[in-house]
>>> print(open('model-v3.pdb').read())   # PDB, C-alpha atoms
MODEL        1
ATOM      1  CA  MET A 189     -11.135  -2.802  -7.008
ATOM      2  CA  ALA A 190     -13.748  -2.686  -4.279
ATOM      3  CA  THR A 191     -14.883   0.554  -2.752
ATOM      4  CA  VAL A 192     -12.290   1.236  -0.096
ATOM      5  CA  THR A 193     -12.633   3.534   2.864
ATOM      6  CA  LEU A 194      -9.941   4.536   5.300
ATOM      7  CA  THR A 195     -10.938   5.108   8.886
ATOM      8  CA  ASN A 196      -9.094   6.482  11.894
ATOM      9  CA  PRO A 197      -6.066   7.799  10.031
ATOM     10  CA  ASP A 198      -3.407   8.576  12.602
ATOM     11  CA  LEU A 199      -0.456   9.995  10.687
ATOM     12  CA  ASN A 200      -0.941  11.467   7.246
ATOM     13  CA  ILE A 201       1.316  12.613   4.420
ATOM     14  CA  ASP A 202       0.110  15.126   1.826
ATOM     15  CA  ALA A 203       1.792  14.956  -1.575
ATOM     16  CA  VAL A 204       1.162  15.412  -5.293
ATOM     17  CA  SER A 205       0.018  12.394  -7.278
ATOM     18  CA  SER A 206       1.988  11.545 -10.424
ATOM     19  CA  THR A 207      -0.677   9.176 -11.768
ATOM     20  CA  THR A 208      -4.274   8.055 -11.277
ATOM     21  CA  ILE A 209      -4.661   6.655  -7.769
ATOM     22  CA  THR A 210      -7.793   5.177  -6.212
ATOM     23  CA  ALA A 211      -8.622   5.568  -2.513
ATOM     24  CA  GLY A 212      -7.195   2.639  -0.578
ATOM     25  CA  GLN A 213      -4.356   1.853  -2.982
ATOM     26  CA  ALA A 214      -0.818   1.404  -1.656
ATOM     27  CA  VAL A 215       1.498   4.243  -2.685
ATOM     28  CA  TYR A 216       5.178   5.146  -2.565
ATOM     29  CA  ILE A 217       7.054   8.439  -2.766
ATOM     30  CA  LYS A 218       9.146   8.835  -5.916
ATOM     31  CA  SER A 219      12.530  10.572  -5.943
ATOM     32  CA  ASP A 220      10.823  13.799  -7.095
ATOM     33  CA  GLY A 221       8.527  13.718  -4.034
ATOM     34  CA  GLU A 222       5.387  12.782  -5.970
ATOM     35  CA  LEU A 223       3.217   9.758  -5.245
ATOM     36  CA  ALA A 224       2.807   6.662  -7.430
ATOM     37  CA  LEU A 225       1.478   3.132  -6.914
ATOM     38  CA  ALA A 226       3.654   0.915  -4.709
ATOM     39  CA  ASP A 227       4.631  -2.398  -6.286
ATOM     40  CA  ALA A 228       6.486  -5.426  -4.873
ATOM     41  CA  ASN A 229       7.323  -6.394  -8.438
ATOM     42  CA  ALA A 230       9.442  -3.309  -9.096
ATOM     43  CA  THR A 231      12.375  -3.336 -11.497
ATOM     44  CA  SER A 232      14.912  -3.228  -8.653
ATOM     45  CA  TYR A 233      14.937  -4.219  -5.000
ATOM     46  CA  GLY A 234      12.939  -1.819  -2.853
ATOM     47  CA  ALA A 235      12.312   0.533  -5.791
ATOM     48  CA  LYS A 236       8.618   1.137  -5.036
ATOM     49  CA  PRO A 237       8.064   0.460  -1.307
ATOM     50  CA  CYS A 238       4.705   1.241   0.248
ATOM     51  CA  VAL A 239       4.628   4.244   2.613
ATOM     52  CA  GLY A 240       0.863   4.202   3.163
ATOM     53  CA  PHE A 241      -2.557   4.180   1.525
ATOM     54  CA  ALA A 242      -4.334   6.857  -0.521
ATOM     55  CA  PHE A 243      -7.133   8.480   1.464
ATOM     56  CA  THR A 244      -8.930   9.801  -1.636
ATOM     57  CA  ASP A 245      -8.997   9.267  -5.393
ATOM     58  CA  ALA A 246      -6.550  11.372  -7.416
ATOM     59  CA  VAL A 247      -5.295  12.037 -10.917
ATOM     60  CA  ASP A 248      -1.911  13.324 -12.026
ATOM     61  CA  GLY A 249      -1.236  16.659 -10.312
ATOM     62  CA  ASP A 250      -3.766  16.333  -7.474
ATOM     63  CA  VAL A 251      -2.609  16.785  -3.897
ATOM     64  CA  ILE A 252      -3.789  13.799  -1.884
ATOM     65  CA  THR A 253      -3.522  12.545   1.674
ATOM     66  CA  VAL A 254      -1.793   9.253   2.428
ATOM     67  CA  ALA A 255      -2.659   7.421   5.659
ATOM     68  CA  THR A 256       0.313   5.706   7.294
ATOM     69  CA  ARG A 257      -1.765   4.386  10.195
ATOM     70  CA  GLY A 258      -5.458   3.518  10.522
ATOM     71  CA  PHE A 259      -7.664   0.968   8.760
ATOM     72  CA  VAL A 260      -8.334   0.098   5.121
ATOM     73  CA  GLU A 261     -11.812  -1.327   4.474
ATOM     74  CA  GLY A 262     -13.440  -2.748   1.355
ATOM     75  CA  LEU A 263     -10.685  -5.222   0.544
ATOM     76  CA  SER A 264     -11.328  -8.885  -0.214
ATOM     77  CA  SER A 265      -9.919 -12.364   0.412
ATOM     78  CA  LEU A 266      -7.943 -11.467   3.528
ATOM     79  CA  THR A 267      -7.389 -14.023   6.295
ATOM     80  CA  VAL A 268      -8.291 -12.727   9.761
ATOM     81  CA  GLY A 269      -5.240 -12.315  11.980
ATOM     82  CA  GLN A 270      -2.780 -12.827   9.154
ATOM     83  CA  VAL A 271      -0.134 -10.485   7.804
ATOM     84  CA  VAL A 272      -1.007  -8.481   4.674
ATOM     85  CA  TYR A 273       1.735  -7.871   2.086
ATOM     86  CA  LEU A 274       2.303  -5.442  -0.749
ATOM     87  CA  SER A 275       1.330  -7.227  -3.973
ATOM     88  CA  ALA A 276       3.045  -7.527  -7.350
ATOM     89  CA  THR A 277      -0.058  -5.797  -8.715
ATOM     90  CA  ALA A 278       0.651  -2.066  -8.451
ATOM     91  CA  GLY A 279      -1.264  -0.466  -5.587
ATOM     92  CA  ALA A 280      -2.732  -3.760  -4.336
ATOM     93  CA  VAL A 281      -2.243  -5.930  -1.247
ATOM     94  CA  THR A 282      -2.340  -9.680  -0.705
ATOM     95  CA  SER A 283      -2.529 -12.102   2.203
ATOM     96  CA  THR A 284      -0.300 -14.522   0.304
ATOM     97  CA  VAL A 285       3.430 -14.255   1.019
ATOM     98  CA  PRO A 286       5.047 -12.920  -2.171
ATOM     99  CA  VAL A 287       7.600 -15.510  -3.330
ATOM    100  CA  GLY A 288       9.187 -16.471  -6.609
ATOM    101  CA  SER A 289      10.743 -14.640  -9.497
ATOM    102  CA  ALA A 290       7.732 -12.371  -9.995
ATOM    103  CA  TYR A 291       8.589 -10.465  -6.806
ATOM    104  CA  ASN A 292      11.674  -8.471  -6.024
ATOM    105  CA  TYR A 293      10.907  -8.036  -2.312
ATOM    106  CA  GLN A 294       8.400  -8.722   0.447
ATOM    107  CA  GLN A 295       6.862  -5.912   2.477
ATOM    108  CA  VAL A 296       4.353  -6.239   5.298
ATOM    109  CA  VAL A 297       1.776  -3.438   5.036
ATOM    110  CA  GLY A 298      -0.736  -4.485   7.676
ATOM    111  CA  PHE A 299      -2.750  -7.142   9.484
ATOM    112  CA  ALA A 300      -6.197  -8.456   8.558
ATOM    113  CA  THR A 301      -8.924  -7.770  11.121
ATOM    114  CA  SER A 302     -11.580  -9.333   8.857
ATOM    115  CA  ALA A 303     -11.815 -10.711   5.324
ATOM    116  CA  THR A 304     -12.348  -7.138   4.090
ATOM    117  CA  LYS A 305     -10.491  -4.912   6.567
ATOM    118  CA  MET A 306      -6.874  -4.416   7.610
ATOM    119  CA  VAL A 307      -5.033  -2.249  10.090
ATOM    120  CA  ILE A 308      -2.205  -0.326   8.410
ATOM    121  CA  SER A 309       1.231  -1.292   9.742
ATOM    122  CA  VAL A 310       3.826  -0.623   7.064
ATOM    123  CA  ASP A 311       7.260  -2.197   7.556
ATOM    124  CA  LEU A 312      10.427  -1.617   5.572
ATOM    125  CA  PRO A 313      10.772  -3.919   2.548
ATOM    126  CA  GLY A 314      12.245  -7.339   3.351
ATOM    127  CA  THR A 315      14.874  -9.271   1.481
ATOM    128  CA  GLU A 316      14.572 -10.204  -2.132
ATOM    129  CA  ALA A 317      12.502 -13.321  -2.743
TER     130      ALA A 317
ENDMDL
END
>>> encode(input="model-v3.pdb", output="structure tokens")
Amino acid sequence: MATVTLTNPDLNIDAVSSTTITAGQAVYIKSDGELALADANATSYGAKPCVGFAFTDAVDGDVITVATRGFVEGLSSLTVGQVVYLSATAGAVTSTVPVGSAYNYQQVVGFATSATKMVISVDLPGTEA
């Protein structure tokens, strides 16, 4: 993954990481309140919805900040002006609409402002694909 920086975070969540997380990765809050990598290809509909993006790197047990608004930079292959979705790759995003059996749901997580930058705008997960 590219070096990712988050700028202008507006609303943050602080929580304990339950795994290794890299700055800029999409995360969700587990039922125990800890953070893990969000994944559109979860085992059940809406099981791992994105709530925001990790502001710093973390390992299991670290308290980290999650940005729910702001910008994520250092991404790649985004299409300017297009919607950005949670990917079936844990913690990643994509500008391609997730469809097919590999995805359990679609979730908009932002909008591309350049090929490498997006504004965070997390929606609730959509219907199953």
>>> closest_residue(input="model-v3.pdb", among="A:Phe241, A:Leu274, A:Gln213, A:Ser264", to="A:Pro286", atoms="all atoms listed in the file")
A:Leu274
>>> residues_near_point(input="model-v3.pdb", point="(2.1, -3.5, -7.1)", cutoff="6 Å", atoms="all atoms listed in the file", output="mmCIF file with C-alpha atoms, in the coordinates of the input")
data_model
loop_
_atom_site.group_PDB
_atom_site.id
_atom_site.type_symbol
_atom_site.label_atom_id
_atom_site.label_comp_id
_atom_site.auth_asym_id
_atom_site.auth_seq_id
_atom_site.Cartn_x
_atom_site.Cartn_y
_atom_site.Cartn_z
ATOM 1 C CA ALA A 226 3.654 0.915 -4.709
ATOM 2 C CA ASP A 227 4.631 -2.398 -6.286
ATOM 3 C CA ALA A 228 6.486 -5.426 -4.873
ATOM 4 C CA SER A 275 1.330 -7.227 -3.973
ATOM 5 C CA ALA A 276 3.045 -7.527 -7.350
ATOM 6 C CA THR A 277 -0.058 -5.797 -8.715
ATOM 7 C CA ALA A 278 0.651 -2.066 -8.451
ATOM 8 C CA GLY A 279 -1.264 -0.466 -5.587
ATOM 9 C CA ALA A 280 -2.732 -3.760 -4.336
#
>>> resolve_selection(input="model-v3.pdb", expression="the PyMOL selection byres ((chain A and resi 218-220) around 9)", output="list in words")
Ser206, Tyr216, Ile217, Gly221, Glu222, Leu223, Ala224, Ala235 and Lys236 of chain A
>>> residues_near_point(input="model-v3.pdb", point="(-7.3, 9.1, -3.5)", cutoff="7 Å", atoms="all atoms listed in the file", output="ChimeraX atom specification")
/A:209-211,242-246,252
>>> resolve_selection(input="model-v3.pdb", expression="the PyMOL selection byres ((chain A and resi 308) around 6)", output="PDB file with C-alpha atoms, in the coordinates of the input")
ATOM      1  CA  ARG A 257      -1.765   4.386  10.195  1.00  0.00           C
ATOM      2  CA  GLY A 258      -5.458   3.518  10.522  1.00  0.00           C
ATOM      3  CA  PHE A 259      -7.664   0.968   8.760  1.00  0.00           C
ATOM      4  CA  GLY A 298      -0.736  -4.485   7.676  1.00  0.00           C
ATOM      5  CA  VAL A 307      -5.033  -2.249  10.090  1.00  0.00           C
ATOM      6  CA  SER A 309       1.231  -1.292   9.742  1.00  0.00           C
TER       7      SER A 309
END
>>> atom_distance(input="model-v3.pdb", atom1="atom CA of A:Val268", atom2="atom CA of A:Gly212")
18.6 Å
